[in-house]
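Reproduced below: final.cif, with mmCIF, C-alpha atoms and all ligand atoms.
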data_input
loop_
_atom_site.label_atom_id
_atom_site.label_comp_id
_atom_site.auth_asym_id
_atom_site.auth_seq_id
_atom_site.Cartn_x
_atom_site.Cartn_y
_atom_site.Cartn_z
CA MET D 26 19.08 3.20 -12.55
CA THR D 27 17.06 6.41 -12.86
CA VAL D 28 14.39 6.74 -10.24
CA THR D 29 10.76 7.43 -11.12
CA VAL D 30 10.11 9.66 -8.12
CA ALA D 31 12.52 11.49 -5.83
CA LEU D 32 11.43 13.59 -2.86
CA GLU D 33 14.11 15.47 -1.00
CA ARG D 34 13.31 17.00 2.36
CA VAL D 35 9.82 17.97 1.28
CA THR D 36 7.57 19.96 3.59
CA ARG D 37 4.11 21.17 2.62
CA ARG D 38 2.14 23.52 4.84
CA PHE D 39 -1.48 24.55 4.55
CA GLY D 40 -1.62 27.59 6.81
CA PRO D 41 -0.63 26.33 10.27
CA VAL D 42 -0.99 22.65 9.28
CA GLU D 43 2.15 20.79 8.24
CA ALA D 44 0.55 18.14 6.02
CA VAL D 45 3.99 16.77 5.01
CA ARG D 46 7.09 17.31 7.14
CA ASP D 47 10.65 16.89 5.89
CA VAL D 48 9.94 13.78 3.83
CA SER D 49 12.57 12.16 1.59
CA PHE D 50 12.31 8.94 -0.43
CA THR D 51 12.80 7.58 -3.93
CA LEU D 52 10.68 5.18 -5.94
CA PRO D 53 12.46 3.09 -8.58
CA PRO D 54 10.82 1.78 -11.77
CA GLY D 55 9.01 -1.55 -11.58
CA GLU D 56 7.94 -1.50 -7.95
CA ILE D 57 4.59 -1.61 -6.17
CA VAL D 58 4.78 0.55 -3.09
CA ALA D 59 2.16 0.82 -0.36
CA LEU D 60 1.60 4.16 1.32
CA VAL D 61 -0.07 3.70 4.68
CA GLY D 62 -1.04 6.00 7.53
CA HIS D 63 -3.96 7.21 9.62
CA ASN D 64 -6.50 9.69 8.30
CA GLY D 65 -4.77 13.02 7.80
CA ALA D 66 -1.26 11.48 7.85
CA GLY D 67 -0.36 13.25 4.59
CA LYS D 68 -0.81 10.48 1.99
CA THR D 69 -3.03 12.40 -0.43
CA THR D 70 -0.84 15.48 -0.10
CA LEU D 71 2.19 13.37 -1.10
CA MET D 72 0.33 12.20 -4.20
CA LYS D 73 -0.72 15.75 -5.06
CA LEU D 74 2.91 16.84 -4.76
CA MET D 75 3.91 14.13 -7.25
CA LEU D 76 1.12 15.18 -9.60
CA GLY D 77 2.17 18.82 -9.41
CA LEU D 78 -1.25 19.79 -8.00
CA VAL D 79 0.43 21.36 -4.97
CA ARG D 80 3.93 22.79 -4.63
CA PRO D 81 6.28 21.96 -1.78
CA SER D 82 6.73 24.72 0.82
CA GLU D 83 10.30 23.43 1.19
CA GLY D 84 12.38 20.76 -0.53
CA ALA D 85 12.26 19.31 -4.03
CA VAL D 86 10.03 16.85 -5.90
CA ARG D 87 11.17 15.18 -9.14
CA VAL D 88 8.95 12.87 -11.16
CA LEU D 89 10.40 11.13 -14.23
CA GLY D 90 13.27 13.60 -13.99
CA GLU D 91 11.08 16.72 -14.01
CA ASP D 92 9.54 19.15 -11.56
CA PRO D 93 5.83 18.23 -11.62
CA ALA D 94 4.74 21.71 -10.49
CA ALA D 95 6.55 23.40 -13.40
CA GLY D 96 4.33 24.81 -16.17
CA GLU D 97 5.87 22.55 -18.80
CA PHE D 98 5.66 19.19 -17.08
CA ALA D 99 5.92 17.04 -20.18
CA ALA D 100 5.91 13.82 -18.15
CA ARG D 101 2.32 14.51 -17.01
CA ARG D 102 1.04 12.24 -19.78
CA ARG D 103 3.03 9.38 -18.32
CA LEU D 104 1.22 9.63 -14.99
CA GLY D 105 -1.99 7.88 -14.01
CA PHE D 106 -4.04 8.95 -11.00
CA LEU D 107 -7.05 7.42 -9.32
CA PRO D 108 -8.38 9.86 -6.70
CA GLU D 109 -9.91 8.69 -3.44
CA SER D 110 -13.43 9.50 -4.53
CA VAL D 111 -14.07 9.24 -8.24
CA SER D 112 -16.99 11.15 -9.66
CA PHE D 113 -18.02 10.96 -13.28
CA ASN D 114 -20.79 12.54 -15.29
CA GLY D 115 -23.63 10.06 -14.73
CA ALA D 116 -25.28 10.93 -18.08
CA LEU D 117 -22.34 9.63 -20.14
CA THR D 118 -21.76 5.96 -20.89
CA GLY D 119 -18.59 4.21 -19.69
CA ARG D 120 -17.29 4.32 -23.25
CA GLU D 121 -18.00 8.04 -23.69
CA THR D 122 -16.38 8.77 -20.34
CA LEU D 123 -13.21 6.93 -21.25
CA ALA D 124 -13.13 8.51 -24.73
CA PHE D 125 -13.21 11.93 -23.04
CA TYR D 126 -10.21 11.14 -20.81
CA ALA D 127 -8.42 9.40 -23.70
CA ARG D 128 -8.52 12.64 -25.71
CA LEU D 129 -6.98 14.52 -22.77
CA LYS D 130 -4.16 11.97 -22.60
CA GLY D 131 -3.62 11.72 -26.38
CA GLU D 132 -4.60 8.03 -26.31
CA THR D 133 -6.32 6.33 -29.28
CA PRO D 134 -9.98 5.37 -28.61
CA ALA D 135 -9.34 1.73 -29.64
CA ARG D 136 -6.69 1.28 -26.94
CA ALA D 137 -8.84 3.13 -24.43
CA PHE D 138 -11.82 0.85 -25.07
CA ALA D 139 -9.65 -2.23 -24.64
CA LEU D 140 -9.06 -0.99 -21.10
CA LEU D 141 -12.78 -1.26 -20.37
CA ASP D 142 -12.54 -4.97 -21.12
CA ARG D 143 -9.38 -5.18 -19.03
CA VAL D 144 -11.19 -3.90 -15.93
CA GLY D 145 -14.23 -6.10 -16.62
CA LEU D 146 -16.54 -3.34 -17.82
CA GLY D 147 -16.77 -4.44 -21.48
CA ALA D 148 -20.38 -5.59 -21.13
CA ALA D 149 -21.42 -2.35 -19.39
CA ALA D 150 -19.51 -0.03 -21.75
CA LEU D 151 -22.67 1.35 -23.36
CA ARG D 152 -24.55 1.86 -20.10
CA ARG D 153 -24.77 5.26 -18.46
CA VAL D 154 -22.29 5.67 -15.61
CA GLY D 155 -25.18 6.88 -13.42
CA THR D 156 -26.43 3.28 -13.38
CA TYR D 157 -23.05 1.81 -12.33
CA SER D 158 -22.47 0.31 -8.89
CA LYS D 159 -19.74 1.74 -6.66
CA GLY D 160 -17.33 -1.04 -7.65
CA MET D 161 -18.02 -0.40 -11.34
CA ARG D 162 -17.32 3.32 -10.96
CA GLN D 163 -14.11 2.44 -9.16
CA ARG D 164 -13.09 0.19 -12.05
CA LEU D 165 -13.92 2.91 -14.56
CA GLY D 166 -11.64 5.15 -12.49
CA LEU D 167 -8.90 2.56 -12.74
CA ALA D 168 -9.35 2.30 -16.53
CA GLN D 169 -9.05 6.09 -16.69
CA ALA D 170 -5.84 5.96 -14.61
CA LEU D 171 -4.39 3.29 -16.91
CA LEU D 172 -4.80 5.42 -20.05
CA GLY D 173 -1.58 6.22 -21.87
CA ALA D 174 0.45 3.32 -20.38
CA PRO D 175 1.57 5.27 -17.29
CA ARG D 176 5.12 4.99 -15.94
CA LEU D 177 3.85 6.15 -12.57
CA LEU D 178 0.47 5.15 -11.27
CA LEU D 179 -0.84 6.89 -8.15
CA LEU D 180 -3.84 5.19 -6.60
CA ASP D 181 -5.56 6.72 -3.58
CA GLU D 182 -7.52 4.02 -1.70
CA PRO D 183 -8.16 2.12 -4.93
CA THR D 184 -9.80 -1.04 -3.62
CA THR D 185 -12.55 0.61 -1.57
CA GLY D 186 -15.86 -0.76 -2.87
CA LEU D 187 -14.34 -3.75 -4.66
CA ASP D 188 -15.40 -7.27 -3.71
CA PRO D 189 -12.64 -9.89 -3.10
CA ALA D 190 -12.73 -11.24 -6.68
CA LEU D 191 -12.47 -7.75 -8.17
CA ARG D 192 -9.65 -6.91 -5.76
CA GLN D 193 -7.71 -9.88 -7.00
CA GLY D 194 -8.27 -8.87 -10.63
CA PHE D 195 -7.21 -5.35 -9.73
CA TYR D 196 -3.92 -6.53 -8.19
CA GLU D 197 -3.28 -8.72 -11.24
CA ILE D 198 -3.45 -5.59 -13.42
CA LEU D 199 -1.01 -3.83 -11.10
CA GLN D 200 1.43 -6.76 -11.20
CA GLU D 201 1.35 -6.67 -15.01
CA LEU D 202 2.10 -2.96 -15.03
CA ARG D 203 4.93 -3.46 -12.57
CA ALA D 204 6.40 -6.22 -14.73
CA GLY D 205 6.36 -3.70 -17.60
CA GLY D 206 8.50 -1.31 -15.52
CA ALA D 207 5.79 0.99 -14.16
CA THR D 208 5.95 2.27 -10.60
CA VAL D 209 2.73 1.93 -8.63
CA LEU D 210 2.12 3.84 -5.42
CA LEU D 211 -1.10 2.94 -3.66
CA SER D 212 -2.46 4.27 -0.43
CA SER D 213 -4.71 2.06 1.59
CA HIS D 214 -6.04 1.31 5.04
CA ALA D 215 -6.51 -2.36 4.12
CA LEU D 216 -3.08 -3.43 5.33
CA THR D 217 -3.67 -7.18 5.24
CA GLU D 218 -4.46 -7.20 1.53
CA LEU D 219 -1.28 -5.23 0.76
CA GLU D 220 1.01 -7.82 2.35
CA GLY D 221 1.27 -10.08 -0.65
CA GLU D 222 1.18 -7.29 -3.21
CA ALA D 223 3.53 -4.47 -2.28
CA GLU D 224 7.31 -4.84 -2.42
CA ARG D 225 7.78 -1.86 -0.19
CA VAL D 226 5.86 0.03 2.44
CA LEU D 227 6.03 3.72 3.33
CA ILE D 228 4.46 4.47 6.71
CA MET D 229 3.35 8.05 7.34
CA ASN D 230 2.34 9.50 10.69
CA ARG D 231 1.26 13.11 11.17
CA GLY D 232 3.10 14.29 8.06
CA ARG D 233 6.30 12.39 8.76
CA LEU D 234 7.69 9.34 7.04
CA VAL D 235 8.26 6.96 9.94
CA ALA D 236 9.30 3.82 8.04
CA ASN D 237 10.38 2.92 4.52
CA GLY D 238 11.33 -0.61 3.51
CA SER D 239 10.25 -4.05 2.35
CA LEU D 240 8.16 -6.09 4.77
CA GLU D 241 11.23 -8.20 5.58
CA GLU D 242 13.29 -5.08 6.29
CA LEU D 243 10.58 -3.61 8.47
CA ARG D 244 10.29 -6.91 10.34
CA ARG D 245 14.02 -6.94 10.94
CA LEU D 246 13.98 -3.34 12.16
CA ALA D 247 10.94 -3.75 14.37
CA ARG D 248 12.22 -6.95 16.02
CA LEU D 249 8.69 -7.96 16.91
CA PRO D 250 8.21 -11.52 18.13
CA VAL D 251 7.31 -14.32 15.75
CA ARG D 252 4.33 -16.45 16.82
CA ILE D 253 4.57 -20.21 16.51
CA ARG D 254 1.23 -21.97 16.63
CA VAL D 255 1.45 -25.61 17.62
CA THR D 256 -1.46 -28.03 17.28
CA GLY D 257 -1.51 -31.40 19.02
CA GLU D 258 -2.85 -33.56 21.83
CA ALA D 259 -3.63 -31.61 24.99
CA GLN D 260 -1.16 -33.61 27.08
CA GLY D 261 1.62 -33.28 24.49
CA LEU D 262 1.10 -29.55 24.37
CA ASP D 263 1.41 -29.31 28.16
CA THR D 264 4.75 -31.14 28.09
CA PHE D 265 5.90 -28.97 25.25
CA ALA D 266 4.97 -25.74 27.06
CA GLN D 267 6.75 -27.04 30.20
CA HIS D 268 9.89 -27.78 28.19
CA LEU D 269 9.97 -24.22 26.99
CA GLY D 270 9.69 -23.17 30.64
CA GLY D 271 9.46 -19.45 31.16
CA ILE D 272 11.81 -18.72 28.27
CA HIS D 273 9.13 -18.04 25.69
CA PRO D 274 5.69 -16.68 26.57
CA SER D 275 2.99 -19.13 25.52
CA ARG D 276 -0.76 -18.87 25.31
CA ARG D 277 -3.30 -21.68 25.09
CA VAL D 278 -5.57 -20.79 22.15
CA ASN D 279 -7.83 -23.80 22.78
CA GLY D 280 -7.53 -27.42 23.97
CA HIS D 281 -5.44 -28.42 20.97
CA VAL D 282 -3.55 -25.28 20.06
CA VAL D 283 -0.83 -23.37 21.89
CA GLU D 284 0.85 -20.21 20.64
CA ILE D 285 4.45 -19.38 21.54
CA GLU D 286 6.10 -16.02 21.11
CA THR D 287 9.76 -16.09 20.20
CA GLU D 288 12.48 -13.86 18.79
CA ALA D 289 13.29 -14.39 15.12
CA GLU D 290 16.74 -15.79 16.13
CA THR D 291 15.32 -18.48 18.43
CA LYS D 292 12.50 -19.49 16.09
CA ILE D 293 14.36 -22.50 14.70
CA ALA D 294 15.24 -23.78 18.17
CA VAL D 295 11.56 -23.64 19.20
CA LEU D 296 10.54 -25.40 15.99
CA ARG D 297 13.12 -28.15 16.59
CA ARG D 298 11.76 -28.62 20.06
CA ALA D 299 8.20 -28.83 18.70
CA LEU D 300 9.21 -31.44 16.14
CA GLY D 301 11.07 -33.34 18.87
CA GLU D 302 7.75 -33.88 20.65
CA GLY D 303 6.96 -36.48 17.96
CA ALA D 304 3.43 -37.76 17.51
CA ALA D 305 2.01 -35.47 20.22
CA ILE D 306 2.33 -32.55 17.80
CA SER D 307 0.28 -32.72 14.59
CA ASP D 308 0.85 -29.28 13.03
CA VAL D 309 3.06 -26.20 13.34
CA ASP D 310 2.46 -22.74 11.81
CA VAL D 311 4.94 -19.87 11.90
CA LEU D 312 3.22 -16.48 11.94
CA PRO D 313 5.57 -13.54 11.30
CA PRO D 314 4.45 -10.06 12.43
CA THR D 315 1.70 -8.76 10.15
CA LEU D 316 1.74 -5.38 8.44
CA ASP D 317 -0.92 -4.27 10.93
CA GLU D 318 1.45 -5.08 13.82
CA LEU D 319 4.43 -3.43 12.11
CA TYR D 320 2.34 -0.35 11.40
CA ALA D 321 1.31 -0.08 15.05
CA HIS D 322 4.94 -0.61 16.14
CA PHE D 323 6.37 2.17 13.94
CA LEU D 324 3.65 4.59 14.98
CA ARG D 325 4.35 3.86 18.66
CA ALA D 326 8.09 4.26 18.03
CA GLN D 327 7.56 7.67 16.48
CA GLU D 328 5.22 8.82 19.23
CA ARG D 329 8.00 7.99 21.72
CA SER D 330 10.62 9.88 19.70
CA PRO D 331 8.79 12.35 17.44
CA SER D 332 11.91 13.28 15.47
CA GLY D 333 12.92 9.65 14.97
CA GLU D 334 12.50 7.95 11.64
CA GLU D 335 13.46 4.33 11.25
CA ARG D 336 14.78 3.44 7.83
CA ALA D 337 15.50 0.08 6.35
N1 LIG X 401 -5.97 22.11 0.83
C1 LIG X 401 -5.81 21.97 2.13
N2 LIG X 401 -6.03 23.01 2.97
C2 LIG X 401 -5.86 22.88 4.30
N3 LIG X 401 -5.46 21.74 4.91
C3 LIG X 401 -5.22 20.68 4.13
C4 LIG X 401 -5.39 20.73 2.71
N4 LIG X 401 -5.08 19.50 2.19
C5 LIG X 401 -4.74 18.73 3.25
N5 LIG X 401 -4.83 19.43 4.40
C6 LIG X 401 -4.51 18.91 5.76
O1 LIG X 401 -3.28 18.23 5.70
C7 LIG X 401 -3.31 17.05 6.49
C8 LIG X 401 -2.98 15.84 5.63
O2 LIG X 401 -4.07 15.59 4.75
P1 LIG X 401 -4.06 14.44 3.64
O3 LIG X 401 -5.34 14.57 2.87
O4 LIG X 401 -2.79 14.49 2.90
O5 LIG X 401 -4.10 13.13 4.56
P2 LIG X 401 -4.37 11.61 4.18
O6 LIG X 401 -3.28 10.82 4.81
O7 LIG X 401 -4.56 11.47 2.71
O8 LIG X 401 -5.76 11.32 4.92
P3 LIG X 401 -6.96 10.30 4.54
O9 LIG X 401 -6.49 8.92 4.87
O10 LIG X 401 -8.05 10.77 5.47
O11 LIG X 401 -7.30 10.50 3.10
C9 LIG X 401 -4.68 17.02 7.14
O12 LIG X 401 -4.57 17.59 8.42
C10 LIG X 401 -5.53 17.88 6.21
O13 LIG X 401 -6.59 18.47 6.92
#

What would the structure in this file look like if it were written as C-alpha cells?
Ligand SMILES: Nc1ncnc2c1ncn2[C@@H]1O[C@H](COP(=O)(O)OP(=O)(O)OP(=O)(O)O)[C@@H](O)[C@H]1O
Amino acid sequence: MTVTVALERVTRRFGPVEAVRDVSFTLPPGEIVALVGHNGAGKTTLMKLMLGLVRPSEGAVRVLGEDPAAGEFAARRRLGFLPESVSFNGALTGRETLAFYARLKGETPARAFALLDRVGLGAAALRRVGTYSKGMRQRLGLAQALLGAPRLLLLDEPTTGLDPALRQGFYEILQELRAGGATVLLSSHALTELEGEAERVLIMNRGRLVANGSLEELRRLARLPVRIRVTGEAQGLDTFAQHLGGIHPSRRVNGHVVEIETEAETKIAVLRRALGEGAAISDVDVLPPTLDELYAHFLRAQERSPSGEERA
C-alpha cells in the first residue's frame, strides 16, 4: 500500500530553535491520526513541512509520492488545510469566500456550494463573513479545506470554537472522508474528544516524536494501571476491599463506590472477585487509561530519557 505521507529523519530549525527533531513516521490512506503535544511542541511545523510551506533542514518529506517543497508539487491540489486561526475577508459572503478558494483549487462552484450545506452554513451562505460567529468561521474554514476532495486533510486545532453538537457533525464529516480513503491529520489539545475518533496518535514533545501508535498499542506500551470502579453496599465493598488485601491499591470514592487499580493482566481476576461478591455489588465499570494519562506518561518517559522514543 502506498503511503500518503512519509517523513524520514526530518529536522527543522528556525535559527537556534529545533522546532522538529529527527522525526520519522508514515501515514497510510484512510486513517484519522491525532497529533498532540504542548504549545511549541512542533505540531504546526510538521503540518507546514507536509504542505511544503517550510523545507526540512535535514531529512526527507514525501506527500502523495512527491516532495511538497518542490516548485512543481502537483499533489498540492489534493491537500486540504485548516490553519489554527482562520481569517477571511469579512466583507465577502460565505458563498463568495468559498467561490474564491474553489477557483484556486480548480473546483466547480456547484460542488463548492454543496460544501456550505455540508458544514451547516447553507442558510448563512449569503451573509457577510464579518457577521459570522467564531464557530461559523471555523466551519467555513473546514468547507474551504474540504474543497477538491482532498486525499490529505491537515487540520490545526479544528474544533476550537465549536459547540458539542457541531463537534459531532465535524467528526462525522471526517469519518466519511476517511471511509473514502482520505488521510486526516488533526492537531488538538482536546484529548478526550479524540479518543473515539482517531485510529492513531502521534505525541510530540519539544520537537521530538515520543509515541506513535493506536490507543491500544500506546496502552500496552505504557502499562498504566486499569481502574475498576465497583458500586455496591458499603459493607459489601469493605469485604471486597479486604479480600483484595494489599495486592491492588483501592480508593473509596464515596460510601457506595470503591476504585481499584490493577494491571491489565490481573483485571479479569479482580472482576471475577467482584462478581463473586454477589448481591453486595450492584455495578462494575472498567476504566482503561485515558489519552490524557497516556500523554502525560509518554512525556514523563521522554523527560527521563530525552533521546528515547517509544514506538508501538
Ligand atoms: N517561523 C518561525 N521562526 C522562528 N521560530 C519558529 C517559527 N515557527 C515555529 N517556531 C518555533 O518552533 C517551535 C515549534 O512551533 P510550532 O508552531 O510548530 O508548535 P506547535 O506544537 O504547533 O504549538 P501550538 O500548540 O502552540 O500551536 C516553537 O518554539 C516556535 O516558537

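Taking atom CA of Leu146 of chain D and atom O7 of ligand LIG 401 (chain X) as the two end points, the separation is 28.0 Å.
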
*Might you pull out every residue within 12 Å of Ala168 of chain D, with all atoms listed in the file counted and same-chain residues fewer than 6 positions away left off, and present them as number ranges by chain?*
D: 105-107, 111, 119-120, 122-124, 126-127, 136-147, 150, 161-162, 174-175, 178, 180, 183, 195, 198-199

Considering all atoms listed in the file, tabulate each residue of chain D that lies at most 8 Å from ligand LIG 401 (chain X) along with its nearest interatomic pair and the corresponding distance in Å to one decimal; arrange the rows by chain and ascending residue number and present them as CSV.
residue,atom,partner,partner_atom,distance
D:Arg38,CA,X:LIG401,O1,7.6
D:Phe39,CA,X:LIG401,C2,4.7
D:Gly40,CA,X:LIG401,C2,6.8
D:Val42,CA,X:LIG401,O1,6.1
D:Glu43,CA,X:LIG401,O1,6.5
D:Ala44,CA,X:LIG401,O1,3.8
D:Val45,CA,X:LIG401,C8,7.1
D:Val61,CA,X:LIG401,O6,7.8
D:Gly62,CA,X:LIG401,O6,6.0
D:His63,CA,X:LIG401,O9,5.6
D:Asn64,CA,X:LIG401,O10,3.4
D:Gly65,CA,X:LIG401,O5,3.3
D:Ala66,CA,X:LIG401,O6,3.7
D:Gly67,CA,X:LIG401,O4,3.2
D:Lys68,CA,X:LIG401,O6,3.8
D:Thr69,CA,X:LIG401,O7,3.6
D:Thr70,CA,X:LIG401,O4,3.7
D:Leu71,CA,X:LIG401,O4,6.5
D:Glu109,CA,X:LIG401,O11,7.3
D:Asp181,CA,X:LIG401,O11,7.9
D:Ser213,CA,X:LIG401,O9,7.8
D:His214,CA,X:LIG401,O9,7.6
D:Met229,CA,X:LIG401,O6,7.6
D:Arg231,CA,X:LIG401,C8,7.5
D:Gly232,CA,X:LIG401,C8,6.7

Please produce an output containing C-alpha atoms for each residue in the selection, written as a compact mmCIF listing (two decimals), keeping the file's coordinate frame.
# COMPACT_ATOMS: atom_id res chain seq x y z
CA ARG D 38 2.14 23.52 4.84
CA PHE D 39 -1.48 24.55 4.55
CA GLY D 40 -1.62 27.59 6.81
CA VAL D 42 -0.99 22.65 9.28
CA GLU D 43 2.15 20.79 8.24
CA ALA D 44 0.55 18.14 6.02
CA VAL D 45 3.99 16.77 5.01
CA VAL D 61 -0.07 3.70 4.68
CA GLY D 62 -1.04 6.00 7.53
CA HIS D 63 -3.96 7.21 9.62
CA ASN D 64 -6.50 9.69 8.30
CA GLY D 65 -4.77 13.02 7.80
CA ALA D 66 -1.26 11.48 7.85
CA GLY D 67 -0.36 13.25 4.59
CA LYS D 68 -0.81 10.48 1.99
CA THR D 69 -3.03 12.40 -0.43
CA THR D 70 -0.84 15.48 -0.10
CA LEU D 71 2.19 13.37 -1.10
CA GLU D 109 -9.91 8.69 -3.44
CA ASP D 181 -5.56 6.72 -3.58
CA SER D 213 -4.71 2.06 1.59
CA HIS D 214 -6.04 1.31 5.04
CA MET D 229 3.35 8.05 7.34
CA ARG D 231 1.26 13.11 11.17
CA GLY D 232 3.10 14.29 8.06

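When the distance limit is 7 Å and all atoms listed in the file are what count, the residues near segment 250-267 of chain D, minus those fewer than 3 positions from it on the same chain, are Gly270, Gly280, His281, Val282, Val283, Glu284, Ile285, Glu286, Thr287, Glu288, Ala289, Ala299, Glu302, Ala305, Ile306, Ser307, Asp308, Val309, Asp310, Val311, Leu312, Pro313 and Pro314 of chain D.
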
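Proximity ranking of D:Leu202, D:Ala236, D:Leu191, D:Ala294 relative to Gly55 of chain D places D:Leu202 first, based on all atoms listed in the file.
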
*For Gln327 of chain D, which residue among D:Ala215, D:Leu234, D:Met75, D:Ala223 is the nearest when counting all atoms listed in the file?*
D:Leu234

*Do you know which residues are at most 10 Å from Thr118 of chain D counting only C-alpha atoms, after dropping those on the same chain fewer than 2 positions away, and could you put them as JSON, numbers by chain?*
{"D": [113, 114, 115, 116, 120, 121, 122, 123, 124, 149, 150, 151, 152, 153, 154, 155, 156, 157]}

Output C-alpha atoms for every residue in the selection just made, as a short mmCIF file (atom, residue, chain, number, x, y, z; two decimals), in the frame of the given file.
data_model
loop_
_atom_site.label_atom_id
_atom_site.label_comp_id
_atom_site.auth_asym_id
_atom_site.auth_seq_id
_atom_site.Cartn_x
_atom_site.Cartn_y
_atom_site.Cartn_z
CA PHE D 113 -18.02 10.96 -13.28
CA ASN D 114 -20.79 12.54 -15.29
CA GLY D 115 -23.63 10.06 -14.73
CA ALA D 116 -25.28 10.93 -18.08
CA ARG D 120 -17.29 4.32 -23.25
CA GLU D 121 -18.00 8.04 -23.69
CA THR D 122 -16.38 8.77 -20.34
CA LEU D 123 -13.21 6.93 -21.25
CA ALA D 124 -13.13 8.51 -24.73
CA ALA D 149 -21.42 -2.35 -19.39
CA ALA D 150 -19.51 -0.03 -21.75
CA LEU D 151 -22.67 1.35 -23.36
CA ARG D 152 -24.55 1.86 -20.10
CA ARG D 153 -24.77 5.26 -18.46
CA VAL D 154 -22.29 5.67 -15.61
CA GLY D 155 -25.18 6.88 -13.42
CA THR D 156 -26.43 3.28 -13.38
CA TYR D 157 -23.05 1.81 -12.33
#

Is it possible to dump segment 147-168 of chain D as an mmCIF file, in the first residue's frame, including just N, CA and C atoms?
data_model
loop_
_atom_site.group_PDB
_atom_site.id
_atom_site.type_symbol
_atom_site.label_atom_id
_atom_site.label_comp_id
_atom_site.auth_asym_id
_atom_site.auth_seq_id
_atom_site.Cartn_x
_atom_site.Cartn_y
_atom_site.Cartn_z
ATOM 1 N N GLY D 147 -25.460 26.491 4.967
ATOM 2 C CA GLY D 147 -26.318 26.768 3.802
ATOM 3 C C GLY D 147 -27.177 28.014 4.012
ATOM 4 N N ALA D 148 -27.788 28.111 5.185
ATOM 5 C CA ALA D 148 -28.712 29.227 5.443
ATOM 6 C C ALA D 148 -27.977 30.557 5.583
ATOM 7 N N ALA D 149 -26.684 30.506 5.906
ATOM 8 C CA ALA D 149 -25.931 31.748 6.112
ATOM 9 C C ALA D 149 -25.029 32.066 4.914
ATOM 10 N N ALA D 150 -25.212 31.312 3.821
ATOM 11 C CA ALA D 150 -24.289 31.418 2.675
ATOM 12 C C ALA D 150 -24.238 32.827 2.096
ATOM 13 N N LEU D 151 -25.358 33.566 2.174
ATOM 14 C CA LEU D 151 -25.388 34.885 1.538
ATOM 15 C C LEU D 151 -25.130 36.018 2.538
ATOM 16 N N ARG D 152 -24.777 35.624 3.774
ATOM 17 C CA ARG D 152 -24.428 36.648 4.764
ATOM 18 C C ARG D 152 -22.939 36.971 4.703
ATOM 19 N N ARG D 153 -22.604 38.206 5.064
ATOM 20 C CA ARG D 153 -21.186 38.569 5.080
ATOM 21 C C ARG D 153 -20.475 37.809 6.201
ATOM 22 N N VAL D 154 -19.243 37.381 5.897
ATOM 23 C CA VAL D 154 -18.482 36.586 6.864
ATOM 24 C C VAL D 154 -18.204 37.397 8.137
ATOM 25 N N GLY D 155 -18.136 38.731 7.984
ATOM 26 C CA GLY D 155 -17.918 39.609 9.133
ATOM 27 C C GLY D 155 -18.996 39.451 10.202
ATOM 28 N N THR D 156 -20.167 38.956 9.794
ATOM 29 C CA THR D 156 -21.262 38.784 10.772
ATOM 30 C C THR D 156 -21.296 37.369 11.347
ATOM 31 N N TYR D 157 -20.382 36.498 10.908
ATOM 32 C CA TYR D 157 -20.382 35.101 11.382
ATOM 33 C C TYR D 157 -19.848 35.010 12.807
ATOM 34 N N SER D 158 -20.330 34.008 13.543
ATOM 35 C CA SER D 158 -19.769 33.716 14.864
ATOM 36 C C SER D 158 -18.450 32.961 14.660
ATOM 37 N N LYS D 159 -17.710 32.773 15.761
ATOM 38 C CA LYS D 159 -16.423 32.073 15.667
ATOM 39 C C LYS D 159 -16.611 30.653 15.105
ATOM 40 N N GLY D 160 -17.635 29.957 15.620
ATOM 41 C CA GLY D 160 -17.905 28.595 15.158
ATOM 42 C C GLY D 160 -18.256 28.556 13.682
ATOM 43 N N MET D 161 -18.966 29.594 13.217
ATOM 44 C CA MET D 161 -19.336 29.637 11.790
ATOM 45 C C MET D 161 -18.093 29.872 10.921
ATOM 46 N N ARG D 162 -17.210 30.742 11.390
ATOM 47 C CA ARG D 162 -15.975 30.983 10.617
ATOM 48 C C ARG D 162 -15.142 29.699 10.567
ATOM 49 N N GLN D 163 -15.138 28.989 11.688
ATOM 50 C CA GLN D 163 -14.387 27.730 11.743
ATOM 51 C C GLN D 163 -14.953 26.726 10.736
ATOM 52 N N ARG D 164 -16.292 26.708 10.631
ATOM 53 C CA ARG D 164 -16.927 25.771 9.688
ATOM 54 C C ARG D 164 -16.691 26.194 8.245
ATOM 55 N N LEU D 165 -16.623 27.509 8.022
ATOM 56 C CA LEU D 165 -16.296 27.981 6.670
ATOM 57 C C LEU D 165 -14.866 27.551 6.324
ATOM 58 N N GLY D 166 -13.999 27.615 7.338
ATOM 59 C CA GLY D 166 -12.611 27.154 7.154
ATOM 60 C C GLY D 166 -12.577 25.681 6.798
ATOM 61 N N LEU D 167 -13.421 24.914 7.453
ATOM 62 C CA LEU D 167 -13.463 23.471 7.161
ATOM 63 C C LEU D 167 -13.970 23.250 5.736
ATOM 64 N N ALA D 168 -15.011 23.984 5.330
ATOM 65 C CA ALA D 168 -15.533 23.842 3.956
ATOM 66 C C ALA D 168 -14.412 24.159 2.960
#
